[in-house]
Every structure is written in C-alpha cells, then in structure tokens.
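Colleague: mmCIF, C-alpha atoms, saved as structure.cif, coming up:
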data_work
#
loop_
_atom_site.group_PDB
_atom_site.id
_atom_site.type_symbol
_atom_site.label_atom_id
_atom_site.label_comp_id
_atom_site.auth_asym_id
_atom_site.auth_seq_id
_atom_site.Cartn_x
_atom_site.Cartn_y
_atom_site.Cartn_z
ATOM 1 C CA MET A 129 115.562 94.103 86.482
ATOM 2 C CA THR A 130 115.475 95.851 89.835
ATOM 3 C CA ALA A 131 118.263 95.138 92.291
ATOM 4 C CA ARG A 132 117.621 93.200 95.469
ATOM 5 C CA ALA A 133 119.073 93.849 98.920
ATOM 6 C CA GLU A 134 120.547 90.501 99.988
ATOM 7 C CA TRP A 135 121.741 91.693 103.384
ATOM 8 C CA LEU A 136 122.621 94.705 105.511
ATOM 9 C CA GLU A 137 126.125 94.714 106.977
ATOM 10 C CA VAL A 138 126.089 95.730 110.648
ATOM 11 C CA ALA A 139 129.109 96.332 112.860
ATOM 12 C CA GLY A 140 128.477 94.927 116.286
ATOM 13 C CA ASP A 141 128.547 92.039 118.713
ATOM 14 C CA PRO A 142 126.654 88.916 117.571
ATOM 15 C CA SER A 143 126.028 87.907 121.190
ATOM 16 C CA VAL A 144 124.005 91.075 121.783
ATOM 17 C CA TRP A 145 121.729 90.261 118.849
ATOM 18 C CA ARG A 146 121.395 86.690 120.103
ATOM 19 C CA SER A 147 120.330 88.024 123.513
ATOM 20 C CA LEU A 148 117.178 89.400 121.867
ATOM 21 C CA GLY A 149 116.166 85.960 120.666
ATOM 22 C CA LEU A 150 117.625 86.162 117.156
ATOM 23 C CA VAL A 151 119.600 83.378 115.513
ATOM 24 C CA VAL A 152 123.078 84.473 114.355
ATOM 25 C CA ASP A 153 124.898 81.761 112.408
ATOM 26 C CA GLU A 154 128.652 81.112 112.322
ATOM 27 C CA ASP A 155 129.077 83.558 109.419
ATOM 28 C CA GLY A 156 127.308 86.331 111.302
ATOM 29 C CA PHE A 157 124.052 86.096 109.344
ATOM 30 C CA ILE A 158 120.670 86.645 110.936
ATOM 31 C CA PRO A 159 118.589 84.702 108.389
ATOM 32 C CA LEU A 160 115.371 86.520 107.510
ATOM 33 C CA MET A 161 112.883 86.326 104.688
ATOM 34 C CA GLY A 162 113.932 88.689 101.902
ATOM 35 C CA THR A 163 116.806 90.755 103.233
ATOM 36 C CA SER A 164 118.993 89.342 106.007
ATOM 37 C CA VAL A 165 121.300 91.076 108.467
ATOM 38 C CA ARG A 166 124.985 90.204 108.773
ATOM 39 C CA VAL A 167 126.657 91.153 112.052
ATOM 40 C CA GLU A 168 130.400 91.597 111.866
ATOM 41 C CA THR A 169 132.748 92.596 114.672
ATOM 42 C CA GLN A 170 134.778 95.639 113.596
ATOM 43 C CA ALA A 171 136.604 96.512 116.789
ATOM 44 C CA GLU A 172 139.708 97.812 115.043
ATOM 45 C CA SER A 173 137.881 100.308 112.854
ATOM 46 C CA GLY A 174 135.565 101.412 115.642
ATOM 47 C CA ALA A 175 132.657 101.344 113.190
ATOM 48 C CA THR A 176 129.134 101.037 114.548
ATOM 49 C CA GLY A 177 125.692 100.642 113.061
ATOM 50 C CA ILE A 178 124.891 99.706 109.470
ATOM 51 C CA VAL A 179 128.127 100.054 107.523
ATOM 52 C CA GLY A 180 126.929 98.909 104.106
ATOM 53 C CA TRP A 181 124.701 96.588 102.130
ATOM 54 C CA ALA A 182 125.067 93.757 99.631
ATOM 55 C CA LEU A 183 122.961 94.000 96.473
ATOM 56 C CA SER A 184 122.292 91.486 93.735
ATOM 57 C CA GLY A 185 121.180 92.508 90.262
ATOM 58 C CA VAL A 186 123.679 95.375 90.001
ATOM 59 C CA ASP A 187 126.789 95.727 87.885
ATOM 60 C CA ALA A 188 129.766 94.848 90.059
ATOM 61 C CA GLY A 189 132.015 97.069 87.947
ATOM 62 C CA GLN A 190 129.971 100.189 88.646
ATOM 63 C CA HIS A 191 129.524 100.036 92.387
ATOM 64 C CA GLY A 192 131.497 100.993 95.442
ATOM 65 C CA ASP A 193 128.929 103.286 96.973
ATOM 66 C CA ILE A 194 125.554 104.831 96.222
ATOM 67 C CA ASP A 195 125.635 108.490 97.236
ATOM 68 C CA GLY A 196 128.028 107.554 100.035
ATOM 69 C CA ILE A 197 126.318 104.285 101.024
ATOM 70 C CA ALA A 198 128.906 101.483 100.892
ATOM 71 C CA THR A 199 127.613 98.933 98.380
ATOM 72 C CA THR A 200 128.858 95.443 97.518
ATOM 73 C CA ALA A 201 127.591 93.629 94.419
ATOM 74 C CA VAL A 202 126.907 89.937 95.134
ATOM 75 C CA ASP A 203 125.169 86.954 93.587
ATOM 76 C CA PRO A 204 121.654 86.216 94.846
ATOM 77 C CA ARG A 205 121.789 84.374 98.163
ATOM 78 C CA PRO A 206 119.821 81.119 98.403
ATOM 79 C CA PRO A 207 116.663 81.520 100.506
ATOM 80 C CA THR A 208 117.468 80.858 104.148
ATOM 81 C CA PHE A 209 115.412 81.147 107.274
ATOM 82 C CA ALA A 210 115.640 80.252 110.938
ATOM 83 C CA HIS A 211 113.230 79.930 113.814
ATOM 84 C CA HIS A 212 113.890 83.008 115.942
ATOM 85 C CA GLU A 213 112.642 82.960 119.525
ATOM 86 C CA LEU A 214 111.863 86.642 119.033
ATOM 87 C CA GLY A 215 109.379 85.727 116.316
ATOM 88 C CA ALA A 216 111.257 87.765 113.694
ATOM 89 C CA SER A 217 110.198 87.108 110.116
ATOM 90 C CA GLY A 218 111.900 89.774 108.001
ATOM 91 C CA LEU A 219 113.038 93.362 107.678
ATOM 92 C CA ASP A 220 110.279 95.908 107.141
ATOM 93 C CA HIS A 221 112.499 98.815 106.126
ATOM 94 C CA VAL A 222 115.859 100.505 106.540
ATOM 95 C CA VAL A 223 116.224 104.239 107.205
ATOM 96 C CA VAL A 224 118.747 106.372 105.319
ATOM 97 C CA MET A 225 119.505 109.925 106.425
ATOM 98 C CA THR A 226 120.331 112.456 103.706
ATOM 99 C CA ALA A 227 120.688 116.203 103.414
ATOM 100 C CA ASP A 228 119.432 116.046 99.811
ATOM 101 C CA LEU A 229 116.532 113.660 99.325
ATOM 102 C CA GLU A 230 116.330 114.143 95.562
ATOM 103 C CA ARG A 231 120.071 113.560 95.071
ATOM 104 C CA THR A 232 120.055 110.335 97.078
ATOM 105 C CA SER A 233 116.844 109.167 95.434
ATOM 106 C CA ARG A 234 118.292 109.695 91.951
ATOM 107 C CA ALA A 235 121.432 107.777 92.922
ATOM 108 C CA ILE A 236 119.417 104.835 94.248
ATOM 109 C CA GLU A 237 117.240 104.700 91.142
ATOM 110 C CA ALA A 238 120.225 104.962 88.786
ATOM 111 C CA SER A 239 122.068 102.178 90.588
ATOM 112 C CA THR A 240 119.220 99.788 91.363
ATOM 113 C CA GLY A 241 116.361 100.581 89.008
ATOM 114 C CA ALA A 242 114.058 101.121 91.989
ATOM 115 C CA GLU A 243 111.915 104.194 91.394
ATOM 116 C CA LEU A 244 110.897 106.679 94.065
ATOM 117 C CA LYS A 245 107.413 105.576 95.127
ATOM 118 C CA ARG A 246 106.313 108.672 96.988
ATOM 119 C CA ILE A 247 107.377 111.593 99.171
ATOM 120 C CA ARG A 248 105.806 112.264 102.558
ATOM 121 C CA GLU A 249 106.145 115.611 104.328
ATOM 122 C CA VAL A 250 105.744 115.914 108.093
ATOM 123 C CA GLY A 251 106.395 119.511 109.051
ATOM 124 C CA ALA A 252 109.922 120.329 107.900
ATOM 125 C CA MET A 253 110.866 116.634 107.628
ATOM 126 C CA ARG A 254 110.637 114.911 104.248
ATOM 127 C CA GLN A 255 110.564 111.171 103.621
ATOM 128 C CA GLY A 256 111.017 109.343 100.323
ATOM 129 C CA PHE A 257 110.421 105.643 99.709
ATOM 130 C CA HIS A 258 112.007 103.106 97.366
ATOM 131 C CA ARG A 259 111.412 99.346 97.283
ATOM 132 C CA LEU A 260 114.220 97.086 96.112
ATOM 133 C CA GLY A 261 112.631 94.231 94.201
ATOM 134 C CA ARG A 262 109.054 93.013 94.181
ATOM 135 C CA GLY A 263 107.990 92.698 97.805
ATOM 136 C CA GLY A 264 111.563 93.546 98.795
ATOM 137 C CA LEU A 265 113.195 95.855 101.303
ATOM 138 C CA ILE A 266 111.738 99.343 101.679
ATOM 139 C CA VAL A 267 114.387 102.072 101.756
ATOM 140 C CA GLU A 268 113.092 105.115 103.650
ATOM 141 C CA LEU A 269 114.993 108.325 102.972
ATOM 142 C CA VAL A 270 114.724 111.001 105.665
ATOM 143 C CA SER A 271 115.785 114.611 105.199
ATOM 144 C CA ARG A 272 115.609 117.550 107.599
ATOM 145 C CA PRO A 273 116.629 121.190 106.963
ATOM 146 C CA GLU A 274 119.168 121.192 109.809
ATOM 147 C CA MET A 275 121.184 118.299 108.388
ATOM 148 C CA PRO A 276 124.689 119.317 107.254
ATOM 149 C CA ASP A 277 125.517 118.733 103.616
ATOM 150 C CA GLY A 278 127.284 115.479 102.901
ATOM 151 C CA PRO A 279 126.766 111.924 101.701
ATOM 152 C CA ALA A 280 123.813 109.783 102.673
ATOM 153 C CA ARG A 281 124.208 107.348 105.558
ATOM 154 C CA PHE A 282 122.314 104.443 107.067
ATOM 155 C CA TRP A 283 120.571 105.191 110.353
ATOM 156 C CA GLY A 284 118.387 102.326 111.600
ATOM 157 C CA LEU A 285 116.177 99.396 110.696
ATOM 158 C CA VAL A 286 112.797 97.890 111.536
ATOM 159 C CA ILE A 287 112.228 94.151 112.013
ATOM 160 C CA ASN A 288 108.850 92.513 111.499
ATOM 161 C CA VAL A 289 107.766 90.116 114.258
ATOM 162 C CA ASP A 290 104.844 87.704 114.385
ATOM 163 C CA ASP A 291 103.721 88.710 117.898
ATOM 164 C CA LEU A 292 104.902 92.123 119.082
ATOM 165 C CA ASP A 293 103.604 91.760 122.642
ATOM 166 C CA ALA A 294 105.340 88.405 123.062
ATOM 167 C CA ALA A 295 108.560 89.806 121.580
ATOM 168 C CA CYS A 296 108.534 92.747 124.000
ATOM 169 C CA GLU A 297 107.824 90.462 126.926
ATOM 170 C CA ARG A 298 110.785 88.286 125.971
ATOM 171 C CA ILE A 299 113.171 91.243 125.714
ATOM 172 C CA GLY A 300 111.894 92.858 128.911
ATOM 173 C CA PRO A 301 110.432 96.307 129.686
ATOM 174 C CA ASP A 302 113.827 97.626 130.760
ATOM 175 C CA ARG A 303 115.210 97.020 127.241
ATOM 176 C CA VAL A 304 112.323 97.816 124.881
ATOM 177 C CA SER A 305 109.589 100.443 124.841
ATOM 178 C CA ALA A 306 105.929 99.612 125.239
ATOM 179 C CA PRO A 307 104.198 98.895 121.909
ATOM 180 C CA LYS A 308 102.317 101.799 120.369
ATOM 181 C CA ASP A 309 100.463 102.549 117.142
ATOM 182 C CA ALA A 310 102.788 102.919 114.164
ATOM 183 C CA VAL A 311 102.474 105.506 111.402
ATOM 184 C CA GLN A 312 101.357 102.676 109.137
ATOM 185 C CA PRO A 313 97.593 102.182 109.722
ATOM 186 C CA GLY A 314 96.690 99.095 111.714
ATOM 187 C CA ARG A 315 100.250 98.293 112.744
ATOM 188 C CA ARG A 316 102.125 98.636 116.036
ATOM 189 C CA ILE A 317 105.765 99.312 116.845
ATOM 190 C CA ALA A 318 108.219 99.186 119.769
ATOM 191 C CA THR A 319 111.762 100.536 119.983
ATOM 192 C CA ILE A 320 114.702 98.642 121.454
ATOM 193 C CA GLY A 321 116.626 100.772 123.952
ATOM 194 C CA SER A 322 120.099 102.075 123.148
ATOM 195 C CA GLU A 323 121.390 100.548 126.398
ATOM 196 C CA VAL A 324 121.019 97.097 124.826
ATOM 197 C CA GLY A 325 124.134 97.895 122.798
ATOM 198 C CA LEU A 326 123.120 97.145 119.208
ATOM 199 C CA GLY A 327 124.910 100.291 118.046
ATOM 200 C CA LEU A 328 122.023 101.552 115.922
ATOM 201 C CA PRO A 329 118.307 102.336 116.281
ATOM 202 C CA VAL A 330 116.231 99.152 115.912
ATOM 203 C CA ALA A 331 112.459 98.846 116.169
ATOM 204 C CA LEU A 332 110.096 95.885 116.080
ATOM 205 C CA MET A 333 106.846 96.089 114.113
ATOM 206 C CA THR A 334 103.801 93.961 113.472
ATOM 207 C CA THR A 335 103.447 92.607 109.942
#
Would you kindly transcribe this structure into structure tokens?

Modeller:
Amino acid sequence: MTARAEWLEVAGDPSVWRSLGLVVDEDGFIPLMGTSVRVETQAESGATGIVGWALSGVDAGQHGDIDGIATTAVDPRPPTFAHHELGASGLDHVVVMTADLERTSRAIEASTGAELKRIREVGAMRQGFHRLGRGGLIVELVSRPEMPDGPARFWGLVINVDDLDAACERIGPDRVSAPKDAVQPGRRIATIGSEVGLGLPVALMTT
C-alpha cells in the first residue's frame, strides 16, 4: 500500500493564512481535500516554511526523515473540509528541492511505495514527479546543477482554487500576481507575494 500525505507542517502565523480567506482551526489545521496544511507557530526555533510532513501507511519505526525531509508517521486522519472564502479545495502539489534527484526519488519510493512517474527536463533544470496515494498529493522534485550537495528540503506548495480570478480579487493585486497560463495545459496560476508573510512560496491554481 502506498503512503498518504495527511498534512504538511508549516511554521508560520495562522492569522496571515486566515487573511487570505483560508479557515485555520484551533489546532492549526487548514482543512483541505486529500492533504491538509497545519500551521504552527515556531518563534523560538526561528523555523520558516514547510518544516515536515505527516504520512500514513508508513512504518513508524523506520521513519524520522526521508532524505532529510522531516517525516512523522501518523494514523489516517478522518476526512475534513471547510468552506474557505478563498475557494480553496485542495493541494495540487508540493515542491522539494534536491541536489540529487535520483537519490531523493529512491528514498521517497523506498519509504512510501510511490514510484517515480516521470522526469521532465527544462534546460539544465530537472523535475521528477511522485504521487502519494491514488489521486493524492503530487511531490515535485526539482534539481539544478548549481545546487550545493546536501539533503532534500521542502520549498513551496500550490493550492487548487475553484475560481482563480475571484481568489485573486479577494487577496488584492498588491498581494498576488495576475493569473497566467500554467505549465499544465488548460490551467492557470497566480503567485502570492512574499510580502504577505507566509514564509514560503505559495501559488494558487485552477483545478
């Protein structure tokens, strides 16, 4: 059985995420279909961005990290959802930066059972794709020649929204880019500005 990503753990300020029109419950969860996001204040550590993920369907005794990615083994979380003013429905994918795409890909497959689906090359950049569970979270590995050797690390995430134009209008043009065509055919994407203070790159995409 392939593992499932139950949630991504993000260090940050829940009120900032709420300001976008996302529901953040009292436990820090942003309930989404499939994989949720959990926002946790980590002021003492100074951590920012995605600091780890919680996976079900993995052996708790064998996990602490996957090629440097902090991993917590958990039981499957009951399906939860909320009505987000932003129109968010789920996570499209999470981006992982790595100096060695094959090494990280092997580690993910060994730990989760999720095979590498394909590799895409754009100039010197290489991208590899895994999917955790049927219809589950896409894990996009990105590798560039100039990256220093070291463990893999989370970089950013993409949230699916029902109406991208309405979502951008709600956030405001001073906080999100204008929608444009995405790499995925027939889809559009917009990037939330770093000045919003999420602490990591976040984009919104049509389903």

Colleague: I need the residue nearest Arg132 (chain A) from this list: A:Arg272, A:Arg262, A:Arg298, A:His212. Use only C-alpha atoms for the distance.

Modeller: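 Between A:Arg272, A:Arg262, A:Arg298, A:His212, the residue approaching Arg132 (chain A) most closely is A:Arg262.
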
Colleague: Counting all atoms listed in the file, what is within 12 Å of Val311 (chain A), bar same-chain residues fewer than 2 positions away, as a ChimeraX atom specification?

Modeller: /A:248,250,308-309,313-318,333-334

Colleague: What separation in Å, quoted to one decimal, exists between CA of Asp277 (chain A) and CA of Thr226 (chain A)?

Modeller: 8.1 Å

Colleague: Evaluate the PyMOL selection byres ((chain A and resi 254) around 9) against this structure - the residues, as a list of chain:residue names, please.

Modeller: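 Applied to this file, the PyMOL selection byres ((chain A and resi 254) around 9) selects A:Leu229, A:Ile247, A:Arg248, A:Glu249, A:Val250, A:Gly251, A:Ala252, A:Met253, A:Gln255, A:Gly256, A:Leu269, A:Val270, A:Ser271, A:Arg272.
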
Colleague: With all atoms listed in the file as the counted atoms, please give the residues lying no more than 10 Å from Thr169 (chain A), apart from itself and same-chain residues fewer than 3 positions off, as a PyMOL selection string.

Modeller: chain A and resi 138-142+156+172-176

Colleague: Under the PyMOL selection byres ((chain A and resi 178) around 8), which residues of this model are included? Write them out as a ChimeraX atom specification.

Modeller: /A:136-139,176-177,179-181,282-284,328

Colleague: Kindly give the distance, in Å, that separates CA of Val222 (chain A) and CA of Leu332 (chain A), rounded to a single decimal.

Modeller: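 Here the two named atoms are 12.1 Å from each other.
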
Colleague: Once the PyMOL selection byres ((chain A and resi 216-220) around 8) has been applied to the shown file, what residues remain in the selection, as a list of chain:residue names?

Modeller: A:Leu150, A:Leu160, A:Met161, A:Gly162, A:Thr163, A:Ser164, A:His212, A:Glu213, A:Leu214, A:Gly215, A:His221, A:Val222, A:Leu265, A:Ile266, A:Leu285, A:Val286, A:Ile287, A:Asn288, A:Val289, A:Asp290, A:Met333

Colleague: Could you add the missing atoms to region 180-206 of chain A, up to N, CA and C atoms, and return them as a short mmCIF file (atom, residue, chain, number, x, y, z; two decimals), keeping the file's coordinate frame?

Modeller:
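Written output follows (part-v5.cif):
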data_model
loop_
_atom_site.label_atom_id
_atom_site.label_comp_id
_atom_site.auth_asym_id
_atom_site.auth_seq_id
_atom_site.Cartn_x
_atom_site.Cartn_y
_atom_site.Cartn_z
N GLY A 180 127.06 99.12 105.54
CA GLY A 180 126.93 98.91 104.11
C GLY A 180 125.85 97.89 103.82
N TRP A 181 125.65 97.62 102.53
CA TRP A 181 124.70 96.59 102.13
C TRP A 181 125.23 95.83 100.93
N ALA A 182 124.70 94.62 100.75
CA ALA A 182 125.07 93.76 99.63
C ALA A 182 123.86 93.65 98.71
N LEU A 183 124.05 94.00 97.44
CA LEU A 183 122.96 94.00 96.47
C LEU A 183 123.23 93.01 95.35
N SER A 184 122.22 92.29 94.94
CA SER A 184 122.29 91.49 93.74
C SER A 184 121.55 92.23 92.63
N GLY A 185 121.84 91.85 91.38
CA GLY A 185 121.18 92.51 90.26
C GLY A 185 121.76 93.86 89.91
N VAL A 186 122.98 94.14 90.36
CA VAL A 186 123.68 95.38 90.00
C VAL A 186 124.99 95.01 89.33
N ASP A 187 125.53 95.94 88.59
CA ASP A 187 126.79 95.73 87.88
C ASP A 187 127.94 95.89 88.86
N ALA A 188 128.66 94.81 89.09
CA ALA A 188 129.77 94.85 90.06
C ALA A 188 130.82 95.86 89.68
N GLY A 189 130.98 96.13 88.39
CA GLY A 189 132.01 97.07 87.95
C GLY A 189 131.66 98.52 88.17
N GLN A 190 130.41 98.80 88.52
CA GLN A 190 129.97 100.19 88.65
C GLN A 190 129.70 100.62 90.09
N HIS A 191 129.96 99.72 91.03
CA HIS A 191 129.52 100.04 92.39
C HIS A 191 130.64 99.97 93.42
N GLY A 192 130.64 100.92 94.28
CA GLY A 192 131.50 100.99 95.44
C GLY A 192 130.70 101.70 96.52
N ASP A 193 129.88 102.65 96.07
CA ASP A 193 128.93 103.29 96.97
C ASP A 193 127.81 103.91 96.16
N ILE A 194 126.70 104.15 96.82
CA ILE A 194 125.55 104.83 96.22
C ILE A 194 125.30 106.08 97.04
N ASP A 195 125.72 107.21 96.53
CA ASP A 195 125.64 108.49 97.24
C ASP A 195 126.24 108.40 98.64
N GLY A 196 127.34 107.68 98.75
CA GLY A 196 128.03 107.55 100.04
C GLY A 196 127.71 106.27 100.79
N ILE A 197 126.69 105.53 100.36
CA ILE A 197 126.32 104.28 101.02
C ILE A 197 127.19 103.16 100.47
N ALA A 198 128.01 102.56 101.32
CA ALA A 198 128.91 101.48 100.89
C ALA A 198 128.09 100.32 100.33
N THR A 199 128.40 99.93 99.09
CA THR A 199 127.61 98.93 98.38
C THR A 199 128.51 97.84 97.82
N THR A 200 128.15 96.59 98.06
CA THR A 200 128.86 95.44 97.52
C THR A 200 127.92 94.68 96.59
N ALA A 201 128.38 94.42 95.37
CA ALA A 201 127.59 93.63 94.42
C ALA A 201 127.85 92.15 94.67
N VAL A 202 126.79 91.37 94.83
CA VAL A 202 126.91 89.94 95.13
C VAL A 202 125.93 89.15 94.27
N ASP A 203 126.14 87.84 94.22
CA ASP A 203 125.17 86.95 93.59
C ASP A 203 123.98 86.78 94.52
N PRO A 204 122.82 86.46 93.97
CA PRO A 204 121.65 86.22 94.85
C PRO A 204 121.96 85.12 95.86
N ARG A 205 121.56 85.35 97.10
CA ARG A 205 121.79 84.37 98.16
C ARG A 205 120.63 83.39 98.21
N PRO A 206 120.92 82.10 98.31
CA PRO A 206 119.82 81.12 98.40
C PRO A 206 118.90 81.46 99.57
#
